[in-house]
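Student: Got a structure for you, written out below as structure tokens; questions coming shortly.
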Amino acid sequence: MRFLIVGDLHGQKPKIHFKDFDAIIATGDFCSSDEIRRYKFQALKEKLQNPSFNIKWYDLAGKEKVTKLIKKSIKDGREILEYFDSLNVPVYVVPGNADLTPDKIEKWSLLRQNHYKKLLEGLKNIIDVHYRSVSVEKQQIIGYGTSHGPEYPQYKEDLDMLKKGELIKKRKEYQKAYKKLSSLFEKSSKPVIFLSHNVPFNTPIDKIVNKNSPRNGWHYGSLITRKIIEKYQPLICIGGHMHEHFGKCKIGKTVCINAGFGSLVNILMEIKDNKVKLQFYKGK
């Protein structure tokens, strides 16, 4: 099979370079989020410098403004998914952290809603594989979305922001998510294409290189994704989230891809006899 791989788009309609593909794999973050992310970075910077800082990112901007930003974000994400749907091939997706999945601990009702579910409504060719295993001819695609960093804090600055009870809860959530994903791999009977929104932790493709980020210089991939790869050695792991990188590395026998960011990057993946051939394209 030939798969077109598309990375994080954040509201940018992709320019497809390759032709004659059987399916599309997309790493999530369809919704636009640049201005939202700016306020989140501002709140995070304050929190890292002062762990007692308790002002929410949306209060920095004001709820009225953020409501407008969220509506625009959803509109942009929906347009991208409608475009993918119009190509009349299966499109395998997971939600990114920008795709407005429900935040169950958030007090503001707007952020507790499942906007991501509405993004996919009525799109017959879009297949959400988040915490699912889907058979695709001689392979299985297993998905893990939303991850935007290590599921349990790995740096002192992150640890200091959480109280003991919050850290205990974090560890339990991490273990529960890993167990849920691991059970899908245990049941898999075919070579696995592992679609993870985030790339594996502590690799050449997960280091933050962004002077505007309060975590500049940190490795910030997914612990769960790394652990799954080390244990089950899927055929390939496809991730995104880290906009600074577009390329690949290996963990054991598994090829790990960072599918990149924006409308101008595409990857063509051909799988034949359990061998993976990749073509990377970066437009100007």
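FYI, nothing fancy with the structure tokens labels: chains A, B, ... in order, residues from 1 per chain, ligands from 1 as they appear.
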Write out as a short mmCIF file (atom, residue, chain, number, x, y, z; two decimals) with C-alpha atoms, in the first residue's frame each polymer residue whose atoms come within 10 Å of stretch 103-108 of chain A, counting only C-alpha atoms; drop sequence neighbours fewer than 5 positions from it.

Tutor:
```cif
data_model
loop_
_atom_site.label_atom_id
_atom_site.label_comp_id
_atom_site.auth_asym_id
_atom_site.auth_seq_id
_atom_site.Cartn_x
_atom_site.Cartn_y
_atom_site.Cartn_z
CA TYR A 58 -7.89 32.22 28.66
CA LYS A 63 -13.19 34.69 27.60
CA GLN A 113 -17.18 20.19 25.27
CA ASN A 114 -16.10 17.61 22.69
#
```

Student: From a DSSP calculation on the backbone, collect every residue of stretch 72-207 of chain A in helix (DSSP H, G or I) and output the set as a PyMOL selection string.

Tutor: chain A and resi 72-86+109-112+115-120+156-160+164-187

Student: With only C-alpha atoms as the basis for distance, which of A:Ile36, A:Val66, A:Val192, A:Val89 is at the shortest distance from A:Asn274?

Tutor: A:Val192

Student: Would you please work out which residue, of A:Val94, A:Leu60, A:Val134, A:Leu181, is nearest to A:Asp8 when using only C-alpha atoms?

Tutor: A:Val94

Student: Determine, counting only C-alpha atoms, which protein, DNA and RNA residues have an atom within 10 Å of an atom of A:His245; residues of the same chain fewer than 3 positions away are not included. Present the result as a PyMOL selection string.

Tutor: chain A and resi 204-209+240-242+248+257-261

Student: Near A:Ser86, within 10 Å and counting only C-alpha atoms, which residues show up once chain neighbours fewer than 5 positions away are dropped, as a list in words?

Tutor: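 Answer for this query is Ile80, Leu81, Leu123, Lys124, Asn125 and Ile126 of chain A.
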
Student: Each residue of stretch 176-224 of chain A lying at most 8 Å from stretch 144-166 of chain A should get a row with its shortest atom-to-atom pair and the distance in Å to one decimal, counting only C-alpha atoms; could you produce that, ordered by chain and increasing number, as JSON lines?

Tutor:
```
{"residue": "A:Leu181", "atom": "CA", "partner": "A:Tyr144", "partner_atom": "CA", "distance": 7.6}
{"residue": "A:Phe194", "atom": "CA", "partner": "A:Tyr144", "partner_atom": "CA", "distance": 8.0}
{"residue": "A:Leu195", "atom": "CA", "partner": "A:Tyr144", "partner_atom": "CA", "distance": 6.3}
{"residue": "A:Ser196", "atom": "CA", "partner": "A:Tyr144", "partner_atom": "CA", "distance": 4.7}
{"residue": "A:His197", "atom": "CA", "partner": "A:Gly145", "partner_atom": "CA", "distance": 4.8}
{"residue": "A:Asn198", "atom": "CA", "partner": "A:Ser147", "partner_atom": "CA", "distance": 5.7}
{"residue": "A:Phe201", "atom": "CA", "partner": "A:Pro150", "partner_atom": "CA", "distance": 7.0}
{"residue": "A:Tyr220", "atom": "CA", "partner": "A:Gly149", "partner_atom": "CA", "distance": 4.8}
{"residue": "A:Gly221", "atom": "CA", "partner": "A:Gly149", "partner_atom": "CA", "distance": 5.0}
{"residue": "A:Ser222", "atom": "CA", "partner": "A:Pro150", "partner_atom": "CA", "distance": 4.7}
{"residue": "A:Leu223", "atom": "CA", "partner": "A:Pro150", "partner_atom": "CA", "distance": 5.1}
{"residue": "A:Ile224", "atom": "CA", "partner": "A:Glu151", "partner_atom": "CA", "distance": 7.1}
```

Student: Considering only C-alpha atoms, state which residue in the set A:Pro191, A:Gly122, A:Gly262, A:Gly143 is at the smallest distance from A:Glu244.

Tutor: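 Once distances to A:Glu244 are computed over only C-alpha atoms, the minimum belongs to A:Gly262.
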
Student: Kindly give the distance, in Å, that separates atom CA of A:Lys117 and atom CA of A:Ile24, rounded to a single decimal.

Tutor: 19.3 Å

Student: Can you pull out the residues contacting A:Thr203? Cut-off 9 Å, using only C-alpha atoms, and skip same-chain residues under 6 positions away; I want them as a PyMOL selection string.

Tutor: chain A and resi 219+221+249-251

Student: I'd like to know which of A:Lys187, A:Lys15, A:Lys227, A:Lys282 is closest to A:Tyr174, using only C-alpha atoms.

Tutor: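 Distance minimum relative to A:Tyr174 lands on A:Lys227.
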
Student: Need the shell around A:Ala23: protein/DNA/RNA residues with any atom at most 8 Å away, counting only C-alpha atoms. Skip same-chain ones fewer than 3 positions apart. Format as a PyMOL selection string?

Tutor: chain A and resi 2-4+89-92

Student: Deliver the residues from the most recent selection as a file, using C-alpha atoms, as a PDB file, in the first residue's frame.

Tutor:
```pdb
ATOM      1  CA  ARG A   2       0.951   3.597  -0.588  1.00  0.00           C
ATOM      2  CA  PHE A   3       0.129   6.117   2.142  1.00  0.00           C
ATOM      3  CA  LEU A   4       0.328   9.884   1.993  1.00  0.00           C
ATOM      4  CA  VAL A  89      -9.614   7.699   0.010  1.00  0.00           C
ATOM      5  CA  PRO A  90      -9.564   6.503   3.645  1.00  0.00           C
ATOM      6  CA  VAL A  91      -8.035   9.130   5.949  1.00  0.00           C
ATOM      7  CA  TYR A  92      -6.714   7.773   9.267  1.00  0.00           C
TER       8      TYR A  92
END
```

Student: Expressed in Å to a single decimal, how great is the separation between atom CA of A:Asn216 and atom CA of A:Val199?

Tutor: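 A separation of 16.6 Å between them.
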
Student: So, with only C-alpha atoms as the atoms that count, which of A:Ser213, A:Gln49, A:Gln175, A:Ser183 lies closest to A:Arg37?

Tutor: A:Ser213

Student: Which of these, A:Ile55, A:Ile142, A:Leu111, A:Leu87, has the shortest distance to A:Tyr39 once you count only C-alpha atoms?

Tutor: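 Among A:Ile55, A:Ile142, A:Leu111, A:Leu87, it is A:Ile55 that comes nearest to A:Tyr39.
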
Student: Using only C-alpha atoms, which residues sit within 8 Å of A:Ser32 once same-chain residues fewer than 2 positions away are excluded, as a VMD selection string?

Tutor: chain A and resid 9 to 12 29 to 30 34 72 to 74 76 to 77 98

Student: Can you work out the spacing between atom CA of A:Asp59 and atom CA of A:Lys169 in Å, to one decimal?

Tutor: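 Atom CA of A:Lys169 lies at a distance of 25.3 Å from atom CA of A:Asp59.
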